Each structure stands twice: as structure tokens, then as C-alpha cells.
Amino acid sequence: MRPHFLTELNMFKKIFILVIVLATGLLTTNEVKAQQDAAYTQYMFQPLVYNPAYAGSRGNLSGTAIYRKQWVGIDKSPTIVSLGVHGKMGQGNSAIGFWLENDNAGFNSKIRAYVNYAYHIPFNRGKLSIGIQGGILNFSDRKSEAILEDPTDIVFGNNVNGTSPNFGAGIYYYSENFFVGASVPHLLNTTINGNGSSLDSYTQVRHYFATTGLVIPLGNNVKFRPTALLKFVESVEDPDVNAQIQAPLQLDATAHFLFKDALWLGVAVSTGSENPLESVDFLIEYQFNQKFRLGYSYDYPLTGLAESHEFMLGYDVIRDQSRVLTPRYF
């Protein structure tokens with residue numbers, strides 16, 4: 001085992017322990033509110049949604065699409081579709097990306113569209129990427145579709161529909177066997193107003209993400225890849241209840257095994273707002289060749305809700321073989 005791999009392993013252990021400590025210490029927040037950004041079980045295959053600095057890190061033009069159906073069988077349960085495309089710009093250090101996401105839950109829908117730019121700098125035994133992004137959020141809340149026992153209920157006031165711009169930033173270090181990153185996908189706390197009342201408005205709250213992962217060889221044909229994603233949302237003042245509203249710190253921890261550089265099998269756990277563990281998830285991905293990969297995840301809930309399913313499709317356009325690591329672990 002190479003000395004630099006031992007260094008990366010030690011760094012991963014320290015970062016992962018820090019992530020666990022933070023999650024354990026902050027899971028018990030006061031009043032909570034759900035995370036606004038979409039959550040993916042296969043977050044490791046669509047990092048562009050969380051971190052613009054990921055753009056270009058696969059070496060060539062790369063595209064990933066994810067379809068997620070949450071809580072199957074429950075009417076108007078969350079349905080998420082996302083598409084991300086990114087790649088290097090010529091032979092230089094710059095990269096660009098684009099991602100589009102449609103998130104529907106209940107009577108509301110959120111459409112996000114962002115353009116990313118990242119600059120990759122050789123650093124130590126890997127590369128350090130600094131990324132920025134800019135785009136828009138379109139939010140729609142169709143409250144008029146709700147069937148009410150009390151038609152005068154002010155909580156179900158006027159419909160809300162509007163668009164707001166935003167921008168974000170991130171940093172991402174990666175090598176052949178290790179990565180760590182931190183990002184703020186949208187830096188502005190913006191509000192889309194419906195009828196001038198906070199009951200008829202939607203506020204996009206600042207989210208923070210931290211990720212890390214490592215590949216550990218276990219033999220000629222087996223590798224182990226643990227990854228973690230930490231999510232935190234700032235608290236905001238709600239004038240109607242005169243209190244701070246905040247979502248809890250959330251942690252997704254995943255353990256993957258790679259067989260013969262083609263088949264990924266994994267298990268993951270996710271923390272929730274009320275239970276220490278929200279779900280246990282099972283993942284599979286198959287790399288058919290250097291270009292095409294397909295993934296699926298099944299979420300088994302520990303909260304009494306229904307299960308969730310997620311499908312992933314990835315494709316790489318390889319023009320310069322010398323710029324591609326085979327296999328690409330991240």
C-alpha cells in the first residue's frame with residue numbers, strides 16, 4: 001500500500017469522525033422544518049447538484065440523470081428528476097457544467113436551473129477545484145387544488161408562483177482514491193411572495209453541504225468505498241410565529257463495494273429530523289463500459305412511511321483517453 005494512500009486514509013478517518021461528531025451533536029435541534037433542497041440516495045453520482053466545483057472532475061464530457069420516487073403509494077409524494085452535464089473546456093484547467101432539477105411534492109413544485117464554472121489547480125497528489133454557479137429557482141404552490149373541510153382556512157390562501165435568481169460556490173479536492181468538498185449551492189436567502197403575506201410566500205434558505213469519500217483496495221478484484229454527505233440549513237426567523245425555524249443537521253453515510261471494477265453494491269443510512277435513523281438504503285450500480293453506467297437504490301424507511309425508489313443513468317463522452325482514469329471511483 002502506497003504511503004500517499006495511507007495519508008489519504010488518515011485524512012478521511014479524521015474528516016469522517018468529525019462529520020459523525022457534528023451530526024450526533026446537532027441532530028437534536030429545537031423546532032424543525034424540512035430540508036428544502038432535494039435529497040438523493042445516490043448523491044455520490046450527482047454531486048454537481050450540491051457542489052459546482054465538481055464540474056470537470058471526471059476528465060471528459062459527462063452526463064447524469066436521476067429519477068426519484070419517494071414514499072411510493074402515498075398521494076402526491078415527492079417526485080424528483082434531475083439532469084447534470086459537465087466537462088473540461090479544451091486542454092486548460094477550466095470546466096463548465098449545467099444542471100436542471102424538477103422537484104414536486106404535494107401541491108408545490110420547484111424547478112432549478114444552474115450554470116457552473118470550475119477551475120482545477122494541481123495540488124499535492126490530486127487537484128483542487130474552486131467552483132461557482134448562477135441560476136434561477138421557479139417555485140409554484142397550487143393551494144387552490146387542496147380540498148378543505150374549512151374553506152376559510154388562511155393557511156391555504158392564494159396560490160404562489162414566482163422566479164428568483166441565486167448563485168452559489170464550492171470547493172472540491174480530489175485524487176484517484178480520495179475526495180473532500182464543501183459548498184453553498186445558493187448563497188442568497190430569497191423570498192417569492194404570493195399575496196404579500198408570509199403565509200402566501202416561499203423563502204429559499206441557505207444550505208451547506210460537506211462531502212468526503214475514499215477508495216480502499218481489498219484485493220485484486222474488490223475495493224471498498226465509504227462516502228458521507230453532511231447537510232445543514234440555516235435557521236430563519238418566522239414573523240408569524242415569532243420563532244426561529246430550522247431543519248436538523250442531516251447525514252447520509254454510504255458503504256460501497258466494487259467488484260472487478262464494474263459492479264458497485266452498497267448500503268447507506270440516513271438520519272432524520274425526529275428519528276436517529278430515517279432509512280436504510282440499498283444501492284447497485286453497473287459500469288457497462290467506460291461510457292455507460294446504470295444505478296438503482298431502494299430506501300427502506302424506519303419511520304413508518306412507504307419505501308422509495310431511485311434510478312440513475314450516466315454517460316461519458318470520451319474524446320481523449322489520456323485524460324480519463326479507469327475506473328473512475330468518484
# chains A, B, ... in the order shown; residues from 1 in each chain; ligands from 1

call {"tool": "residues_around", "arguments": {"residues": "His309 in chain A", "least_positions_apart": "4", "cutoff": "6 Å", "atoms": "only C-alpha atoms", "output": "NGL selection string"}}
result
:A and (68-69 or 297-298)

call {"tool": "residues_around", "arguments": {"residues": "range 221-223 of chain A", "least_positions_apart": "6", "cutoff": "9 Å", "atoms": "only C-alpha atoms", "output": "list in words"}}
result
Val215, His256, Phe257, Leu258, Phe259, Lys260 and Asp261 of chain A

call {"tool": "residues_around", "arguments": {"residues": "Gly126 in chain A", "least_positions_apart": "6", "cutoff": "8 Å", "atoms": "only C-alpha atoms", "output": "number ranges by chain"}}
result
A: 173-176

call {"tool": "write_last_selection", "arguments": {"atoms": "N, CA and C atoms", "output": "short mmCIF file (atom, residue, chain, number, x, y, z; two decimals), in the first residue's frame"}}
result
data_model
loop_
_atom_site.label_atom_id
_atom_site.label_comp_id
_atom_site.auth_asym_id
_atom_site.auth_seq_id
_atom_site.Cartn_x
_atom_site.Cartn_y
_atom_site.Cartn_z
N TYR A 173 -11.58 18.98 -3.44
CA TYR A 173 -10.27 18.38 -3.66
C TYR A 173 -10.46 16.91 -3.98
N TYR A 174 -9.75 16.43 -5.00
CA TYR A 174 -9.91 15.04 -5.39
C TYR A 174 -8.60 14.48 -5.95
N SER A 175 -8.40 13.20 -5.67
CA SER A 175 -7.31 12.44 -6.26
C SER A 175 -7.90 11.14 -6.79
N GLU A 176 -7.06 10.20 -7.17
CA GLU A 176 -7.57 8.95 -7.73
C GLU A 176 -8.39 8.16 -6.71
#

call {"tool": "closest_residue", "arguments": {"among": "A:Gly135, A:Pro122, A:Thr64, A:Thr190", "to": "Phe167 in chain A", "atoms": "only C-alpha atoms"}}
result
A:Gly135

call {"tool": "residues_around", "arguments": {"residues": "Ile318 in chain A", "least_positions_apart": "6", "cutoff": "10 Å", "atoms": "only C-alpha atoms", "output": "list in words"}}
result
Gly59, Asn60, Leu61, Ser62, Gln290, Lys291 and Val324 of chain A

call {"tool": "atom_distance", "arguments": {"atom1": "CA of Val72 in chain A", "atom2": "CA of Trp264 in chain A"}}
result
24.7 Å

call {"tool": "closest_residue", "arguments": {"among": "A:Leu302, A:Met312, A:Ala118, A:Ala53", "to": "Met89 in chain A", "atoms": "only C-alpha atoms"}}
result
A:Ala118

call {"tool": "closest_residue", "arguments": {"among": "A:Gly106, A:Pro217, A:Gly168, A:Gly295", "to": "Ile74 in chain A", "atoms": "only C-alpha atoms"}}
result
A:Gly106

call {"tool": "select_by_dssp", "arguments": {"residues": "range 84-304 of chain A", "states": "helix (DSSP H, G or I)", "output": "list in words"}}
result
Lys143, Ser144, Glu145, Ser198, Leu199 and Asp200 of chain A

call {"tool": "residues_around", "arguments": {"residues": "Tyr50 in chain A", "least_positions_apart": "2", "cutoff": "7 Å", "atoms": "only C-alpha atoms", "output": "PyMOL selection string"}}
result
chain A and resi 47-48+52+183+185+209

call {"tool": "write_last_selection", "arguments": {"atoms": "N, CA, C and O atoms", "output": "PDB file, in the first residue's frame"}}
result
ATOM      1  N   PRO A  47     -23.025  14.772  -7.830  1.00  0.00           N
ATOM      2  CA  PRO A  47     -22.509  15.822  -6.930  1.00  0.00           C
ATOM      3  C   PRO A  47     -22.656  17.225  -7.488  1.00  0.00           C
ATOM      4  O   PRO A  47     -22.559  18.200  -6.739  1.00  0.00           O
ATOM      5  N   LEU A  48     -22.852  17.356  -8.792  1.00  0.00           N
ATOM      6  CA  LEU A  48     -22.958  18.676  -9.403  1.00  0.00           C
ATOM      7  C   LEU A  48     -24.113  19.469  -8.805  1.00  0.00           C
ATOM      8  O   LEU A  48     -24.063  20.698  -8.733  1.00  0.00           O
ATOM      9  N   PRO A  52     -20.724  23.090  -7.237  1.00  0.00           N
ATOM     10  CA  PRO A  52     -20.318  23.476  -8.595  1.00  0.00           C
ATOM     11  C   PRO A  52     -18.862  23.174  -8.888  1.00  0.00           C
ATOM     12  O   PRO A  52     -18.473  23.071 -10.057  1.00  0.00           O
ATOM     13  N   SER A 183     -19.611  23.159   0.143  1.00  0.00           N
ATOM     14  CA  SER A 183     -20.285  24.047  -0.799  1.00  0.00           C
ATOM     15  C   SER A 183     -21.503  24.707  -0.171  1.00  0.00           C
ATOM     16  O   SER A 183     -22.059  24.235   0.825  1.00  0.00           O
ATOM     17  N   PRO A 185     -24.742  25.854  -2.293  1.00  0.00           N
ATOM     18  CA  PRO A 185     -25.301  25.940  -3.653  1.00  0.00           C
ATOM     19  C   PRO A 185     -26.050  27.230  -3.936  1.00  0.00           C
ATOM     20  O   PRO A 185     -26.048  27.707  -5.057  1.00  0.00           O
ATOM     21  N   PHE A 209     -23.304  22.113   2.478  1.00  0.00           N
ATOM     22  CA  PHE A 209     -23.026  20.697   2.232  1.00  0.00           C
ATOM     23  C   PHE A 209     -21.533  20.420   2.424  1.00  0.00           C
ATOM     24  O   PHE A 209     -20.684  21.244   2.046  1.00  0.00           O
TER      25      PHE A 209
END

call {"tool": "closest_residue", "arguments": {"among": "A:Ile111, A:Ala55, A:Leu137, A:Leu230", "to": "Gly87 in chain A", "atoms": "only C-alpha atoms"}}
result
A:Ala55

call {"tool": "select_by_dssp", "arguments": {"residues": "range 31-227 of chain A", "states": "strand (DSSP E or B)", "output": "ChimeraX atom specification"}}
result
/A:32,61-69,79-88,94-105,108-123,126-141,160-174,178-184,190-193,201-204,207-214,216-217,222-227

call {"tool": "closest_residue", "arguments": {"among": "A:Gln287, A:Thr41, A:Asn189, A:Asn138", "to": "Ser308 in chain A", "atoms": "only C-alpha atoms"}}
result
A:Thr41

call {"tool": "closest_residue", "arguments": {"among": "A:Leu214, A:His207, A:Tyr43, A:Phe98", "to": "Leu283 in chain A", "atoms": "only C-alpha atoms"}}
result
A:Tyr43

call {"tool": "residues_around", "arguments": {"residues": "Gly63 in chain A", "least_positions_apart": "6", "cutoff": "12 Å", "atoms": "only C-alpha atoms", "output": "list of chain:residue names"}}
result
A:Phe45, A:Gln46, A:Pro47, A:Leu48, A:Ala55, A:Gly56, A:Ser82, A:Leu83, A:Gly84, A:Val85, A:His86, A:Gly87, A:Gly97, A:Phe98, A:Trp99, A:Leu100, A:Lys291, A:Phe292, A:Arg293, A:Leu294, A:Met312, A:Leu313, A:Gly314, A:Tyr315, A:Asp316, A:Val317, A:Ile318

call {"tool": "atom_distance", "arguments": {"atom1": "CA of Glu101 in chain A", "atom2": "CA of Pro78 in chain A"}}
result
12.8 Å
